[in-house]
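Read through the structure below, which is laid out as structure tokens, and then see the notes.
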Amino acid sequence: GAGVSQSPSNKVTEKGKDVELRCDPISGHTALYWYRQSLGQGLEFLIYFQGNSAPDKSGLPSDRFSAERTGGSVSTLTIQRTQQEDSAVYLCASSSSFSGNTIYFGEGSWLTVV
Amino acid sequence: RKEVEQDPGPFNVPEGATVAFNCTYSNSASQSFFWYRQDCRKEPKLLMSVYSSGNEDGRFTAQLNRASQYISLLIRDSKLSDSATYLCVVKTSGTYKYIFGTGTRLKVLA
């Protein structure tokens with residue numbers, strides 16, 4: 001598709017389970033971001049990938065969170081042993097130098113931990 | 001102090017009114033500036049970039065004041081459909097991090 005694609009769009013999981021969230025960026029975009037937004041809050045930076053460079057993981061809140069980007073395209077955010085405070089919408093975004101530094105978001109993955 | 005600060009609002013204005021939001025940023029090395037719009041339970045979408053000389057897109061006007069380190073968004077002739085949260089976004093030169101403000105809520109009332 002033309003935009004950033006995320007899946008699943010909604011996920012309800014039990015506390016303690018692992019979840020994987022997927023992001024397919026806009027074709028040709030080399031930069032990929034994961035943000036988290038809790039209800040009524042601002043966007044919290046999680047991790048950034050740029051091409052084949054080492055990712056910036058400085059925003060990951062704990063070692064239960066990890067992300068990878070295979071082949072410079074699709075990215076997976078994994079949350080292990082989920083906690084209730086992990087409930088949020090996880091937004092993926094991508095950009096390229098040709099997009100004028102603009103970042104484009106997917107529709108997000110809404111995670112609810114019960 | 002937050003890197004990007006916005007008045008959370010809400011700003012409640014009647015249809016047809018003009019409304020303005022400000023956003024302040026703390027890093028003088030900030031290079032790129034944007035306004036994004038976010039509807040309830042939706043992803044943020046680019047409203048407009050903010051250029052040094054100011055720019056206009058229909059009813060929307062964005063301004064940058066580097067000396068005072070703030071950007072503004074002016075909405076003229078408000079429509080009901082303008083009701084949303086407006087996010088100020090700043091990117092610092094030499095980095096790839098986009099810093100988002102927490103947003104200003106606008107409600108346009110019939």
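Residues in the structure tokens are numbered from 1 in each chain, the chains being A, B, ... in the order shown, and ligands are numbered from 1 in the order shown.
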If we count only C-alpha atoms, what is near Asn10 in chain A at a cut-off of 10 Å, once residues fewer than 6 positions away on the same chain are taken out, given as an NGL selection string? :A and (21 or 89 or 108-112)
Once you count only C-alpha atoms, what closest atom pair and distance in Å to one decimal does each residue of chain B within 7 Å of chain A have, with rows by chain and rising residue number, as CSV?
residue,atom,partner,partner_atom,distance
B:Lys42,CA,A:Glu107,CA,6.5
B:Glu43,CA,A:Glu107,CA,5.2
B:Pro44,CA,A:Phe105,CA,6.6
B:Phe100,CA,A:Leu43,CA,6.3
B:Gly101,CA,A:Gly42,CA,6.6
B:Thr102,CA,A:Gly42,CA,4.2
B:Gly103,CA,A:Gly42,CA,7.0
Residues of chain A classed as strand (DSSP E or B) by DSSP on the backbone are to be reported as a PyMOL selection string. chain A and resi 5-7+10-13+19-24+31-37+43-50+56+65-69+75-79+88-95+104-105+109-113
Give me the residues near range 84-90 of chain B as a PyMOL selection string, where near means some atom within 6 Å (using only C-alpha atoms) and where sequence neighbours in that chain fewer than 4 positions away do not count. chain B and resi 32-39+98-101+103-106
Among chain A, which ones does DSSP place in helix (DSSP H, G or I), written as a PyMOL selection string? chain A and resi 70-72+84-86+97-99
Selection above as a file: all heavy atoms, as a compact mmCIF listing (two decimals), in the first residue's frame:
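Just written: result.txt:
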# COMPACT_ATOMS: atom_id res chain seq x y z
N THR A 70 14.07 -6.11 9.73
CA THR A 70 14.72 -7.05 8.83
C THR A 70 14.77 -6.50 7.41
O THR A 70 13.76 -5.97 6.91
CB THR A 70 13.98 -8.39 8.84
OG1 THR A 70 12.59 -8.16 8.56
CG2 THR A 70 14.09 -9.04 10.21
N GLY A 71 15.94 -6.64 6.79
CA GLY A 71 16.08 -6.23 5.40
C GLY A 71 15.84 -4.76 5.16
O GLY A 71 15.56 -4.35 4.03
N GLY A 72 15.94 -3.96 6.21
CA GLY A 72 15.75 -2.53 6.05
C GLY A 72 14.32 -2.13 5.74
O GLY A 72 14.08 -0.99 5.32
N GLN A 84 0.08 -4.32 32.69
CA GLN A 84 -1.07 -3.47 32.41
C GLN A 84 -0.63 -2.07 31.96
O GLN A 84 -1.30 -1.45 31.12
CB GLN A 84 -2.00 -3.40 33.62
CG GLN A 84 -2.78 -4.69 33.83
CD GLN A 84 -3.79 -4.59 34.94
OE1 GLN A 84 -3.60 -3.85 35.90
NE2 GLN A 84 -4.87 -5.34 34.83
N GLU A 85 0.48 -1.60 32.48
CA GLU A 85 0.94 -0.26 32.09
C GLU A 85 1.47 -0.21 30.66
O GLU A 85 1.75 0.89 30.14
CB GLU A 85 2.03 0.26 33.04
CG GLU A 85 3.28 -0.59 33.08
CD GLU A 85 3.30 -1.57 34.24
OE1 GLU A 85 2.21 -1.98 34.69
OE2 GLU A 85 4.41 -1.91 34.69
N ASP A 86 1.57 -1.37 30.01
CA ASP A 86 1.97 -1.39 28.60
C ASP A 86 0.78 -1.07 27.68
O ASP A 86 0.97 -0.86 26.48
CB ASP A 86 2.52 -2.77 28.20
CG ASP A 86 3.76 -3.15 28.99
OD1 ASP A 86 4.48 -2.24 29.47
OD2 ASP A 86 4.01 -4.37 29.14
N SER A 97 14.63 11.19 3.27
CA SER A 97 15.11 12.54 2.95
C SER A 97 14.29 13.14 1.82
O SER A 97 14.21 14.35 1.68
CB SER A 97 16.58 12.50 2.56
OG SER A 97 16.79 11.63 1.46
N PHE A 98 13.64 12.28 1.05
CA PHE A 98 12.84 12.77 -0.06
C PHE A 98 11.44 13.17 0.38
O PHE A 98 10.66 13.68 -0.41
CB PHE A 98 12.76 11.70 -1.16
CG PHE A 98 14.10 11.34 -1.70
CD1 PHE A 98 14.70 10.14 -1.37
CD2 PHE A 98 14.80 12.22 -2.51
CE1 PHE A 98 15.94 9.80 -1.85
CE2 PHE A 98 16.05 11.89 -3.00
CZ PHE A 98 16.62 10.68 -2.67
N SER A 99 11.09 12.90 1.63
CA SER A 99 9.77 13.30 2.12
C SER A 99 9.86 14.62 2.87
O SER A 99 8.96 14.98 3.61
CB SER A 99 9.17 12.20 3.02
OG SER A 99 9.88 12.08 4.22
Leaving out Asn12 in chain B and any residue of its chain fewer than 4 positions from it, which residues lie within 7 Å of it when counting only C-alpha atoms, given as an MDAnalysis selection string? chainID B and resid 106:109
Point-to-point distance from CA of Asp7 in chain B to CA of Ser83 in chain B, Å rounded to tenths: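 According to the coordinates, CA of Asp7 in chain B and CA of Ser83 in chain B are separated by 15.6 Å.
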I want to know what sits within 12 Å of Phe60 in chain B, based on only C-alpha atoms, with residues of the same chain fewer than 4 positions away left out; could you give that as a ChimeraX atom specification? /B:18-21,35,47-50,54-56,72-79,82
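For the choices B:Thr95, B:Asn65, B:Ser53, B:Ser81, the atom-to-atom distance to Asn22 in chain B is smallest for B:Asn65 when using only C-alpha atoms.
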If I take CA of Asp63 in chain A and CA of Tyr96 in chain B, how far is one from the other in Å, to one decimal? 22.9 Å
Could you pull the residues within 8 Å of Asn27 in chain B, counting only C-alpha atoms, minus those fewer than 2 positions along the same chain, as a PyMOL selection string? chain B and resi 3+25+29-30+92
All residues 12 Å or closer to Gln83 in chain A, only C-alpha atoms, same chain fewer than 6 positions away omitted, as an MDAnalysis selection string: chainID A and resid 12:19 62 64:65 111:114
Length of the CA of Ser87 in chain A to CA of Glu68 in chain A vector [Å]: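 Those two atoms sit 20.6 Å apart.
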